[in-house]
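Right, one structure below, let's go through it.
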Amino acid sequence: MSWIDKFKSKAGIGKKIPKPTPNWVECKRCKEQLYPIDLEENLSVCPKCDFHFRINSRERVGQLLNPGSFIEHDANLVSNDPLKFKDIKRYKDRLKTATRDNPVKDAILCGTGMIGEHHVEICVFQFKFMGGSMGSVVGEKITRAIERAINEKHAMIIVNCSGGARMQEGIFSLMQMAKTSSALNRLSENSLPYISILTDPTTGGVSASFAFLGDIILSEPGATVGFAGKRVIEQTIKQKLPEGFQTAEFLLEHGLIDQVVHRHELRQMLNHHLSLLKDTPLEALRS
Amino acid sequence: MQQILEFEREIYAVENQIRELVSLSHMYEGVGDITHEIAKLKKKLRHKKRDVFNGLSGWQKTQVARHPSRPYTLDYIQYLFRGFTELHGDRHGGYGPSVIGGFAKFDQRSLMIIGHQKGRDMQDKIKRNFGMSQPAGYRKALRLMRLAEKFNIPVVTLIDTPGAYPGIDAEEKGQSEAIARNLQVMASLKVPLISIVIGEGGSGGALAIGMGNRVMMLEHAIYSVISPEGCASILWDNQKKVTTAAEALCMTAQDLLQHKVIDNIIPEPLGGAHRNHKRAAILLKKALRPHLNELAEKNPDELIEQREQKFRSLGVFMEEEG
């Protein structure tokens, strides 16, 4: 170390000053600088370009349910690493980090609540928990929610936001697709409504099971939705993918979903659909 | 051309030795009695095969499961069933050549057979899209399951696919929906459903015909949520980690039986099914028969209930103190 470096280090010159909490959030699409409080008030949608930010599960529940109506269930289900999986990190450590950084103990938040006059069982993915990936805990929590819906005669709502099955639980993750779909079959036999909401992203094993089994399937604008990842498709067919491929709008055009719904209208639309499915008197629809 | 896997080399070497000795004994009277010598070599060969094939790693199993000479669905159909007549099309504008299906007789019973088909020569492989099905293949499978249900005929599915096809058209036609719908319908199927992984059980594309009352795997088959290549490139960011990934994923029949994800393992001929298709088919037949007989006794509600419970119980987790 030269004398000038020594001097600098003693004087604290050039030392990284810890960043202050960022006051501004940049819109991923239009690059507009947004004030976090404004953004949250706008339901985490960019006021300038309508880009829908990914939001965490509790924020979503707050946006969709009647205030104070949410009762969480199965909050303490956790993975116990059935395969003792280790890649460049141990799965156990990944879980620890994710649990520390998230308000839920796995990639989904489940509970009972109200939308308007309707009782619902709702499951909301937490994307920041390992990419919203589905392992045994996610599969079990969804299945239990469906079973509760059957027992209580509630409607079922799943807000999807997931890269797909969780590789670290291997075949168990794959089997959650079978387990949840089987439970949804019972729900269907009981003529209870299930509305699936696709948000950015909904892909892989989540997309190829409950996400596409909704009686009504809604998607947020611009969400990436598909079975295979874009990179996998490009590598397989050795072509660039067309603009807008695998977006909510693309899916609507191809007859795969019912509606693209702006986040501002989502709660109202859910209420509307539930009222229509439950044969509520017309006056109730207008309110 | 025959493909010889690295770990099979010594087996082939001993086989060649035997072949040479046999032809030598035919050519020259004067070599004397070498039957003893040949018998010794044959014994060595059996031991060699047993040693190698009992100790295969996850990645080696993957190579066996993908072996180009391995029996495919149509090979099993040829040896196991009588009067198989292929039925085509999903009735929604799709042909779906990667999945085949139709009614046939097994013993005295009618069955619906549905399976992935990979294709043997290059032209066939391309036609079959290497066993990677488009949505049409799954929708055809669904149609055929429903058809079997209507006539109260049990369904047997043979699974052998790298996975559902990842392509633009597959996405446009709703690959996700096709797989998801099959899962829901299999859960409600009123007839016995037996699923057997005969080679590669590639993720959702495999499960899409795999929700059986019984799920079995051939001894050297694999079944996984993702291919070892895919897993290595995502989690290790390194294609060279396939062997590590194959091990970590616990994708062999033995792993899955241990984790109680499958019901049993169907033995293969010594040295792998690719060495003797007919023998592999006979072993499969032996394993299939008792399960079919057992399930044939059950009524629709029992079948649905049993299938539902089976998949309901899959998953490992714990409940922490609140």
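Lettering and numbering for the structure tokens are positional, with chains as A, B, ... in the shown order, residues counted from 1 in each chain, and ligands counted from 1 in the shown order.
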Would you give me, as a tab-separated table, each residue of segment 44-117 of chain B having an atom within 12 Å of an atom of segment 234-249 of chain B, along with its shortest atom pair and that distance in Å to one decimal, using only C-alpha atoms and sorting by chain and residue number?
```
residue	atom	partner	partner_atom	distance
B:Leu56	CA	B:Glu247	CA	10.7
B:Ser57	CA	B:Glu247	CA	7.1
B:Gly58	CA	B:Glu247	CA	5.0
B:Trp59	CA	B:Thr243	CA	5.2
B:Gln60	CA	B:Thr243	CA	8.3
B:Lys61	CA	B:Ala246	CA	9.1
B:Thr62	CA	B:Ala246	CA	7.9
B:Gln63	CA	B:Ala246	CA	10.7
```
> Could you write out as a PyMOL selection string the residues of chain A within 8 Å of chain B, counting only C-alpha atoms?
Replying inline: chain A and resi 76-83+85-88+135-137+139-140+165+167-179+181-185+204-205+207-210+212-213+226-228+232-233+236-237+241+246+251+254+256
> In segment 161-306 of chain B, what's alpha helix (DSSP H) per DSSP? Answer as an NGL selection string?
Replying inline: :B and (168-172 or 175-188 or 203-207 or 228-231 or 242-248 or 253-258 or 277-296 or 300-306)
>> Residues near Ala248 of chain A, anyone? I mean within 12 Å using only C-alpha atoms, not counting same-chain ones fewer than 5 positions away, as a PyMOL selection string.
In response: (chain A and resi 197-203+217-226+253-262) or (chain B and resi 172)
>> So the first atom is atom CA of Asp124 of chain B and the second is atom CA of Thr252 of chain B; what is the distance between them in Å, to one decimal place?
In response: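 Atom CA of Thr252 of chain B lies 27.6 Å from atom CA of Asp124 of chain B.
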> What are the DSSP strand (DSSP E) residues of segment 90-264 of chain B, as JSON, numbers by chain?
Replying inline: {"B": [99, 100, 101, 102, 103, 104, 105, 106, 109, 110, 111, 112, 113, 114, 115, 116, 155, 156, 157, 158, 159, 160, 161, 193, 194, 195, 196, 197, 198, 199, 200, 201, 202, 214, 215, 216, 217, 218, 222, 223, 224, 264]}
> Which neighbours of segment 63-65 of chain A fall inside 12 Å, counting only C-alpha atoms, when residues of the same chain fewer than 3 positions from it are skipped, and could you give them as an NGL selection string?
Replying inline: :A and (40-44 or 55-60 or 68-71 or 111-124 or 157-159 or 197 or 263-271)
>> Just want the 7 Å neighbourhood of segment 45-52 of chain A, counted on only C-alpha atoms, with same-chain residues fewer than 5 positions away dropped. Output as a PyMOL selection string.
In response: chain A and resi 27+29-30+39
Could those residues be written to a file, using N, CA, C and O atoms, as a PDB file, in the first residue's frame?
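Saved as again-v8.pdb:
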```
ATOM      1  N   CYS A  27     -39.216   2.391 -13.245  1.00  0.00           N
ATOM      2  CA  CYS A  27     -40.124   1.503 -13.967  1.00  0.00           C
ATOM      3  C   CYS A  27     -39.314   0.660 -14.928  1.00  0.00           C
ATOM      4  O   CYS A  27     -38.500   1.172 -15.682  1.00  0.00           O
ATOM      5  N   ARG A  29     -40.181  -0.844 -17.508  1.00  0.00           N
ATOM      6  CA  ARG A  29     -40.498  -0.699 -18.928  1.00  0.00           C
ATOM      7  C   ARG A  29     -40.159   0.701 -19.449  1.00  0.00           C
ATOM      8  O   ARG A  29     -39.370   0.850 -20.355  1.00  0.00           O
ATOM      9  N   CYS A  30     -40.718   1.749 -18.814  1.00  0.00           N
ATOM     10  CA  CYS A  30     -40.529   3.087 -19.389  1.00  0.00           C
ATOM     11  C   CYS A  30     -39.416   3.875 -18.704  1.00  0.00           C
ATOM     12  O   CYS A  30     -39.124   4.994 -19.093  1.00  0.00           O
ATOM     13  N   LEU A  39     -46.351   4.715  -6.062  1.00  0.00           N
ATOM     14  CA  LEU A  39     -46.441   3.447  -6.772  1.00  0.00           C
ATOM     15  C   LEU A  39     -47.365   2.487  -6.035  1.00  0.00           C
ATOM     16  O   LEU A  39     -48.237   1.849  -6.629  1.00  0.00           O
TER      17      LEU A  39
END
```
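Contact shell of segment 298-302 of chain B at 9 Å (only C-alpha atoms; same-chain neighbours under 4 positions omitted): Leu189, Lys190, Val191, Pro192, Glu294, Gln306 and Arg307 of chain B.
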Those same residues, written as an mmCIF file, in the first residue's frame with all heavy atoms?
```cif
data_model
loop_
_atom_site.group_PDB
_atom_site.id
_atom_site.type_symbol
_atom_site.label_atom_id
_atom_site.label_comp_id
_atom_site.auth_asym_id
_atom_site.auth_seq_id
_atom_site.Cartn_x
_atom_site.Cartn_y
_atom_site.Cartn_z
ATOM 1 N N LEU B 189 -60.976 -40.619 -13.731
ATOM 2 C CA LEU B 189 -61.215 -41.758 -14.626
ATOM 3 C C LEU B 189 -61.833 -42.947 -13.875
ATOM 4 O O LEU B 189 -61.310 -43.373 -12.846
ATOM 5 C CB LEU B 189 -59.904 -42.167 -15.295
ATOM 6 C CG LEU B 189 -60.012 -42.814 -16.672
ATOM 7 C CD1 LEU B 189 -60.542 -41.821 -17.704
ATOM 8 C CD2 LEU B 189 -58.661 -43.355 -17.099
ATOM 9 N N LYS B 190 -62.906 -43.504 -14.452
ATOM 10 C CA LYS B 190 -63.670 -44.541 -13.753
ATOM 11 C C LYS B 190 -63.158 -45.955 -14.010
ATOM 12 O O LYS B 190 -63.740 -46.918 -13.540
ATOM 13 C CB LYS B 190 -65.142 -44.467 -14.171
ATOM 14 C CG LYS B 190 -65.842 -43.177 -13.763
ATOM 15 C CD LYS B 190 -67.348 -43.311 -14.011
ATOM 16 C CE LYS B 190 -68.069 -42.022 -13.709
ATOM 17 N NZ LYS B 190 -68.205 -41.172 -14.901
ATOM 18 N N VAL B 191 -62.110 -46.076 -14.806
ATOM 19 C CA VAL B 191 -61.564 -47.414 -15.105
ATOM 20 C C VAL B 191 -60.142 -47.518 -14.563
ATOM 21 O O VAL B 191 -59.503 -46.501 -14.294
ATOM 22 C CB VAL B 191 -61.576 -47.682 -16.634
ATOM 23 C CG1 VAL B 191 -62.993 -47.842 -17.129
ATOM 24 C CG2 VAL B 191 -60.851 -46.581 -17.393
ATOM 25 N N PRO B 192 -59.633 -48.754 -14.395
ATOM 26 C CA PRO B 192 -58.262 -48.907 -13.915
ATOM 27 C C PRO B 192 -57.273 -48.224 -14.860
ATOM 28 O O PRO B 192 -57.435 -48.273 -16.078
ATOM 29 C CB PRO B 192 -58.044 -50.429 -13.946
ATOM 30 C CG PRO B 192 -59.408 -51.027 -13.878
ATOM 31 C CD PRO B 192 -60.308 -50.064 -14.588
ATOM 32 N N GLU B 294 -56.093 -57.351 -10.164
ATOM 33 C CA GLU B 294 -56.479 -56.777 -8.884
ATOM 34 C C GLU B 294 -57.390 -55.555 -9.075
ATOM 35 O O GLU B 294 -58.417 -55.417 -8.414
ATOM 36 C CB GLU B 294 -55.206 -56.368 -8.141
ATOM 37 C CG GLU B 294 -55.379 -56.171 -6.659
ATOM 38 C CD GLU B 294 -54.117 -55.586 -6.058
ATOM 39 O OE1 GLU B 294 -53.008 -55.987 -6.473
ATOM 40 O OE2 GLU B 294 -54.254 -54.698 -5.205
ATOM 41 N N GLN B 306 -58.861 -44.504 -4.633
ATOM 42 C CA GLN B 306 -57.503 -45.023 -4.429
ATOM 43 C C GLN B 306 -56.473 -44.146 -5.150
ATOM 44 O O GLN B 306 -55.418 -43.811 -4.621
ATOM 45 C CB GLN B 306 -57.421 -46.473 -4.927
ATOM 46 C CG GLN B 306 -56.094 -47.166 -4.648
ATOM 47 C CD GLN B 306 -55.139 -47.128 -5.831
ATOM 48 O OE1 GLN B 306 -55.558 -47.142 -6.985
ATOM 49 N NE2 GLN B 306 -53.845 -47.073 -5.544
ATOM 50 N N ARG B 307 -56.809 -43.741 -6.380
ATOM 51 C CA ARG B 307 -55.890 -42.905 -7.169
ATOM 52 C C ARG B 307 -55.709 -41.552 -6.481
ATOM 53 O O ARG B 307 -54.604 -41.034 -6.358
ATOM 54 C CB ARG B 307 -56.475 -42.723 -8.566
ATOM 55 C CG ARG B 307 -55.444 -42.461 -9.636
ATOM 56 C CD ARG B 307 -56.107 -42.295 -10.994
ATOM 57 N NE ARG B 307 -56.788 -43.470 -11.474
ATOM 58 C CZ ARG B 307 -58.069 -43.493 -11.876
ATOM 59 N NH1 ARG B 307 -58.809 -42.402 -11.835
ATOM 60 N NH2 ARG B 307 -58.613 -44.602 -12.310
#
```
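In this structure, atom CA of Arg231 of chain A sits 24.8 Å away from atom CA of His116 of chain B.
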